[in-house]
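Participant: Please see the structure below; I have some questions.
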Amino acid sequence: AGHMNFGDSIGDGEGTSDPTDNPFVTRTPGRSVMGAYGEVNWDAHRMLTLEMGLRGDVWITAGETEPAADPRLRLVLRPRDGIETHIAFGTAHQPAVFAIPLPGLTEIPIDLGLQRSIQSEAGVAFDLPGDLRLEAQAFVHRYSQLFFTDPFLDADDNCPSSVPICERIRNDNRASGTTYGGELFVRRPPQHAISGFISYTLAKSLADPIAGVF
């Protein structure tokens, strides 16, 4: 949870804004989060495992409550010793946050709703000599109800009239988007004197256009 307090005003000059005039601040005095996760693994065959999970979260902010339930499913196939393939699907929810989550600046009212994503991936893993494990996977994530918290979210008198995008974003234009890419991962278990992992991810994100905004 977070809490943010300001003095009665900041600055004395004309046109200087009081952050408490910003509804993104005044409507978000603090946040509580509760969550739980459960998972069941079913070994359908010595070569096949089904992993099923469900995560539930509740965000409570300024009297507003937003619950979310996210199922997860992962199917693992081991065609031979030392080789493992998998496909996985799931959903996720979270409130919008600022790009730099500094204390006191991460809270945005949840009455705007939660951002949602549908996530999928497929991958393969190989056991290598020296107890190394190489994993490669590709993923596609689809997002909806995205809310971009740009600097335009400052108080109204700090939004230049020459930049109409301020008002448009303030009117709660939501966006959708897609992220896709791949990841390579090499690791060695911690029971060895030399252990650790190396990971490399290459991804691209695309936002669907919003008329008059971007």
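Going by the structure tokens order, chains are called A, B, ..., each with residues numbered from 1, while ligands are numbered from 1 in the order shown.
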I want to know what sits within 7 Å of stretch 200-211 of chain A, based on only C-alpha atoms, with residues of the same chain fewer than 4 positions away left out; could you give that as a list of chain:residue names?
Facilitator: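 Using only C-alpha atoms, the neighbours found are A:Ala175, A:Ser176, A:Gly177, A:Thr178, A:Thr179, A:Tyr180, A:Gly181, A:Gly182, A:Glu183, A:Leu184, A:Phe185.
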Participant: Write the residues you've just listed into a file as a PDB file, in the first residue's frame, and include all heavy atoms for each of them.
Facilitator:
ATOM      1  N   ALA A 175      -6.362   1.667 -24.551  1.00  0.00           N
ATOM      2  CA  ALA A 175      -5.674   1.129 -25.719  1.00  0.00           C
ATOM      3  C   ALA A 175      -5.551  -0.377 -25.593  1.00  0.00           C
ATOM      4  O   ALA A 175      -5.690  -0.955 -24.519  1.00  0.00           O
ATOM      5  CB  ALA A 175      -4.286   1.761 -25.867  1.00  0.00           C
ATOM      6  N   SER A 176      -5.304  -1.001 -26.727  1.00  0.00           N
ATOM      7  CA  SER A 176      -4.987  -2.422 -26.781  1.00  0.00           C
ATOM      8  C   SER A 176      -3.636  -2.574 -27.455  1.00  0.00           C
ATOM      9  O   SER A 176      -3.178  -1.683 -28.167  1.00  0.00           O
ATOM     10  CB  SER A 176      -6.059  -3.192 -27.560  1.00  0.00           C
ATOM     11  OG  SER A 176      -7.322  -3.092 -26.926  1.00  0.00           O
ATOM     12  N   GLY A 177      -2.991  -3.695 -27.241  1.00  0.00           N
ATOM     13  CA  GLY A 177      -1.679  -3.875 -27.841  1.00  0.00           C
ATOM     14  C   GLY A 177      -1.243  -5.326 -27.809  1.00  0.00           C
ATOM     15  O   GLY A 177      -1.912  -6.185 -27.214  1.00  0.00           O
ATOM     16  N   THR A 178      -0.116  -5.571 -28.444  1.00  0.00           N
ATOM     17  CA  THR A 178       0.422  -6.931 -28.540  1.00  0.00           C
ATOM     18  C   THR A 178       1.928  -6.890 -28.331  1.00  0.00           C
ATOM     19  O   THR A 178       2.606  -5.977 -28.796  1.00  0.00           O
ATOM     20  CB  THR A 178       0.126  -7.538 -29.926  1.00  0.00           C
ATOM     21  OG1 THR A 178      -1.289  -7.523 -30.151  1.00  0.00           O
ATOM     22  CG2 THR A 178       0.633  -8.971 -30.027  1.00  0.00           C
ATOM     23  N   THR A 179       2.435  -7.864 -27.612  1.00  0.00           N
ATOM     24  CA  THR A 179       3.873  -8.060 -27.456  1.00  0.00           C
ATOM     25  C   THR A 179       4.221  -9.467 -27.908  1.00  0.00           C
ATOM     26  O   THR A 179       3.524 -10.428 -27.553  1.00  0.00           O
ATOM     27  CB  THR A 179       4.312  -7.875 -25.997  1.00  0.00           C
ATOM     28  OG1 THR A 179       4.078  -6.529 -25.604  1.00  0.00           O
ATOM     29  CG2 THR A 179       5.795  -8.182 -25.832  1.00  0.00           C
ATOM     30  N   TYR A 180       5.263  -9.574 -28.705  1.00  0.00           N
ATOM     31  CA  TYR A 180       5.702 -10.908 -29.119  1.00  0.00           C
ATOM     32  C   TYR A 180       7.227 -10.928 -29.147  1.00  0.00           C
ATOM     33  O   TYR A 180       7.889  -9.893 -29.276  1.00  0.00           O
ATOM     34  CB  TYR A 180       5.138 -11.285 -30.484  1.00  0.00           C
ATOM     35  CG  TYR A 180       5.508 -10.356 -31.608  1.00  0.00           C
ATOM     36  CD1 TYR A 180       6.661 -10.560 -32.373  1.00  0.00           C
ATOM     37  CD2 TYR A 180       4.701  -9.264 -31.937  1.00  0.00           C
ATOM     38  CE1 TYR A 180       6.999  -9.715 -33.400  1.00  0.00           C
ATOM     39  CE2 TYR A 180       5.032  -8.411 -32.958  1.00  0.00           C
ATOM     40  CZ  TYR A 180       6.180  -8.638 -33.690  1.00  0.00           C
ATOM     41  OH  TYR A 180       6.520  -7.786 -34.715  1.00  0.00           O
ATOM     42  N   GLY A 181       7.775 -12.120 -29.004  1.00  0.00           N
ATOM     43  CA  GLY A 181       9.225 -12.223 -28.990  1.00  0.00           C
ATOM     44  C   GLY A 181       9.699 -13.601 -28.592  1.00  0.00           C
ATOM     45  O   GLY A 181       8.942 -14.575 -28.615  1.00  0.00           O
ATOM     46  N   GLY A 182      10.969 -13.678 -28.221  1.00  0.00           N
ATOM     47  CA  GLY A 182      11.563 -14.949 -27.836  1.00  0.00           C
ATOM     48  C   GLY A 182      12.587 -14.754 -26.739  1.00  0.00           C
ATOM     49  O   GLY A 182      13.069 -13.636 -26.493  1.00  0.00           O
ATOM     50  N   GLU A 183      12.919 -15.841 -26.061  1.00  0.00           N
ATOM     51  CA  GLU A 183      13.867 -15.793 -24.961  1.00  0.00           C
ATOM     52  C   GLU A 183      14.757 -17.026 -24.972  1.00  0.00           C
ATOM     53  O   GLU A 183      14.293 -18.141 -25.228  1.00  0.00           O
ATOM     54  CB  GLU A 183      13.136 -15.711 -23.624  1.00  0.00           C
ATOM     55  CG  GLU A 183      14.059 -15.621 -22.423  1.00  0.00           C
ATOM     56  CD  GLU A 183      13.305 -15.534 -21.115  1.00  0.00           C
ATOM     57  OE1 GLU A 183      12.299 -16.247 -20.966  1.00  0.00           O
ATOM     58  OE2 GLU A 183      13.726 -14.741 -20.245  1.00  0.00           O
ATOM     59  N   LEU A 184      16.045 -16.813 -24.693  1.00  0.00           N
ATOM     60  CA  LEU A 184      17.006 -17.894 -24.478  1.00  0.00           C
ATOM     61  C   LEU A 184      17.450 -17.854 -23.026  1.00  0.00           C
ATOM     62  O   LEU A 184      17.696 -16.770 -22.470  1.00  0.00           O
ATOM     63  CB  LEU A 184      18.213 -17.748 -25.402  1.00  0.00           C
ATOM     64  CG  LEU A 184      17.997 -18.039 -26.886  1.00  0.00           C
ATOM     65  CD1 LEU A 184      19.270 -17.733 -27.672  1.00  0.00           C
ATOM     66  CD2 LEU A 184      17.583 -19.500 -27.105  1.00  0.00           C
ATOM     67  N   PHE A 185      17.569 -19.037 -22.430  1.00  0.00           N
ATOM     68  CA  PHE A 185      17.856 -19.109 -20.996  1.00  0.00           C
ATOM     69  C   PHE A 185      18.773 -20.293 -20.741  1.00  0.00           C
ATOM     70  O   PHE A 185      18.460 -21.425 -21.123  1.00  0.00           O
ATOM     71  CB  PHE A 185      16.526 -19.282 -20.253  1.00  0.00           C
ATOM     72  CG  PHE A 185      16.629 -19.143 -18.760  1.00  0.00           C
ATOM     73  CD1 PHE A 185      16.636 -17.900 -18.161  1.00  0.00           C
ATOM     74  CD2 PHE A 185      16.685 -20.267 -17.954  1.00  0.00           C
ATOM     75  CE1 PHE A 185      16.717 -17.773 -16.787  1.00  0.00           C
ATOM     76  CE2 PHE A 185      16.756 -20.155 -16.580  1.00  0.00           C
ATOM     77  CZ  PHE A 185      16.766 -18.902 -15.990  1.00  0.00           C
TER      78      PHE A 185
END
Participant: Using only C-alpha atoms, determine which residues lie at most 6 Å from A:Met47, disregarding the query and same-chain residues fewer than 2 positions distant; provide the list as a ChimeraX atom specification.
Facilitator: /A:45,77-78
Participant: What is the distance, in Å and to one decimal place, between atom CA of A:Asp43 and atom CA of A:Leu128?
Facilitator: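 About the pair atom CA of A:Asp43 and atom CA of A:Leu128: they are 24.2 Å apart.
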Participant: Between A:His86, A:Arg133, A:Arg74, A:Arg174, single out the one closest to A:Gln115, counting only C-alpha atoms.
Facilitator: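 That would be A:Arg174, the residue with the smallest distance to A:Gln115.
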Participant: With only C-alpha atoms as the counted atoms, please give the residues lying no more than 12 Å from A:Asp57, apart from itself and same-chain residues fewer than 4 positions off, as a compact mmCIF listing (two decimals) with N, CA and C atoms, in the first residue's frame.
Facilitator:
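part32.txt written:
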# COMPACT_ATOMS: atom_id res chain seq x y z
N SER A 32 -4.57 -1.13 -0.92
CA SER A 32 -4.36 -2.43 -0.30
C SER A 32 -4.53 -3.51 -1.36
N VAL A 33 -3.69 -4.52 -1.28
CA VAL A 33 -3.73 -5.60 -2.25
C VAL A 33 -3.73 -6.93 -1.51
N MET A 34 -4.63 -7.81 -1.91
CA MET A 34 -4.67 -9.16 -1.37
C MET A 34 -4.66 -10.15 -2.51
N GLY A 35 -4.01 -11.28 -2.32
CA GLY A 35 -3.95 -12.25 -3.41
C GLY A 35 -3.74 -13.66 -2.88
N ALA A 36 -4.11 -14.61 -3.69
CA ALA A 36 -3.90 -16.03 -3.35
C ALA A 36 -3.68 -16.80 -4.64
N TYR A 37 -2.91 -17.88 -4.55
CA TYR A 37 -2.60 -18.68 -5.73
C TYR A 37 -2.62 -20.16 -5.36
N THR A 65 -13.18 -1.20 -5.11
CA THR A 65 -12.66 -2.56 -5.07
C THR A 65 -12.68 -3.17 -6.46
N GLU A 66 -11.55 -3.75 -6.86
CA GLU A 66 -11.45 -4.42 -8.17
C GLU A 66 -10.90 -5.83 -7.96
N PRO A 67 -11.75 -6.85 -8.10
CA PRO A 67 -11.25 -8.23 -8.00
C PRO A 67 -10.85 -8.76 -9.38
N ALA A 68 -10.01 -9.77 -9.39
CA ALA A 68 -9.60 -10.41 -10.64
C ALA A 68 -9.26 -11.87 -10.35
N ALA A 69 -9.63 -12.73 -11.28
CA ALA A 69 -9.28 -14.15 -11.20
C ALA A 69 -8.59 -14.53 -12.51
N ASP A 70 -7.39 -15.12 -12.39
CA ASP A 70 -6.58 -15.42 -13.56
C ASP A 70 -6.21 -16.90 -13.60
N PRO A 71 -6.76 -17.66 -14.55
CA PRO A 71 -6.37 -19.06 -14.69
C PRO A 71 -5.07 -19.20 -15.46
N ALA A 92 -3.81 -12.28 -16.96
CA ALA A 92 -3.27 -11.47 -15.87
C ALA A 92 -3.98 -10.13 -15.84
N HIS A 93 -4.12 -9.58 -14.64
CA HIS A 93 -4.71 -8.26 -14.44
C HIS A 93 -3.79 -7.45 -13.54
N GLN A 94 -3.77 -6.13 -13.75
CA GLN A 94 -3.09 -5.24 -12.83
C GLN A 94 -3.55 -3.80 -13.07
N PRO A 95 -3.46 -2.95 -12.05
CA PRO A 95 -3.80 -1.54 -12.26
C PRO A 95 -2.74 -0.86 -13.12
N LEU A 114 -9.06 -2.33 -14.39
CA LEU A 114 -7.75 -2.97 -14.45
C LEU A 114 -7.32 -3.22 -15.89
Participant: For A:Ser195, work out the shell of residues within 12 Å, counting only C-alpha atoms and skipping chain neighbours fewer than 3 positions away, then give it as a short mmCIF file (atom, residue, chain, number, x, y, z; two decimals) with N, CA and C atoms, in the first residue's frame.
Facilitator:
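File produced: result_39.cif:
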data_model
loop_
_atom_site.label_atom_id
_atom_site.label_comp_id
_atom_site.auth_asym_id
_atom_site.auth_seq_id
_atom_site.Cartn_x
_atom_site.Cartn_y
_atom_site.Cartn_z
N GLY A 130 27.50 -31.15 -17.93
CA GLY A 130 27.85 -30.23 -16.87
C GLY A 130 26.65 -29.76 -16.07
N ASP A 131 25.52 -30.49 -16.18
CA ASP A 131 24.28 -30.15 -15.49
C ASP A 131 23.75 -28.77 -15.90
N LEU A 132 24.04 -28.37 -17.13
CA LEU A 132 23.47 -27.15 -17.68
C LEU A 132 22.12 -27.44 -18.32
N ARG A 133 21.28 -26.43 -18.35
CA ARG A 133 19.97 -26.57 -18.99
C ARG A 133 19.75 -25.38 -19.91
N VAL A 186 19.93 -20.05 -20.12
CA VAL A 186 20.87 -21.11 -19.73
C VAL A 186 21.08 -21.01 -18.23
N ARG A 187 20.95 -22.14 -17.54
CA ARG A 187 21.13 -22.11 -16.09
C ARG A 187 21.82 -23.35 -15.58
N ARG A 188 22.38 -23.21 -14.39
CA ARG A 188 23.03 -24.32 -13.69
C ARG A 188 22.57 -24.28 -12.24
N PRO A 189 22.15 -25.40 -11.67
CA PRO A 189 21.55 -25.41 -10.33
C PRO A 189 22.50 -24.89 -9.26
N PRO A 190 21.95 -24.35 -8.16
CA PRO A 190 22.78 -23.73 -7.11
C PRO A 190 23.58 -24.72 -6.28
N GLN A 191 23.32 -26.02 -6.39
CA GLN A 191 24.11 -26.96 -5.59
C GLN A 191 25.55 -27.10 -6.08
N HIS A 192 25.85 -26.52 -7.25
CA HIS A 192 27.21 -26.55 -7.78
C HIS A 192 28.03 -25.37 -7.25
N ILE A 198 22.01 -17.25 -17.38
CA ILE A 198 22.14 -16.19 -18.38
C ILE A 198 20.86 -16.19 -19.19
#
Participant: Might you pull out every residue within 6 Å of A:Glu121, with only C-alpha atoms counted and same-chain residues fewer than 4 positions away left off, and present them as a ChimeraX atom specification?
Facilitator: /A:87-88,138-139
Participant: Between A:Thr85, A:Arg46, A:Val40, A:Gln137, which is the closest to A:Arg72 once you count only C-alpha atoms?
Facilitator: A:Val40
Participant: Just how far from atom CA of A:Trp42 is atom CA of A:Gly56, in Å to one decimal?
Facilitator: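 Interatomic distance here is 21.1 Å.
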Participant: Applying 6 Å and only C-alpha atoms, which residues near A:Thr91 remain after dropping the ones on its own chain fewer than 2 positions away? List them as a PyMOL selection string.
Facilitator: chain A and resi 70+117-119
Participant: How would the residues just chosen look if you wrote them out with C-alpha atoms as a short mmCIF file (atom, residue, chain, number, x, y, z; two decimals), in the first residue's frame?
Facilitator:
data_model
loop_
_atom_site.label_atom_id
_atom_site.label_comp_id
_atom_site.auth_asym_id
_atom_site.auth_seq_id
_atom_site.Cartn_x
_atom_site.Cartn_y
_atom_site.Cartn_z
CA ASP A 70 -6.58 -15.42 -13.56
CA SER A 117 -3.66 -9.50 -20.75
CA ILE A 118 -3.93 -12.91 -22.37
CA GLN A 119 -0.53 -14.57 -22.41
#
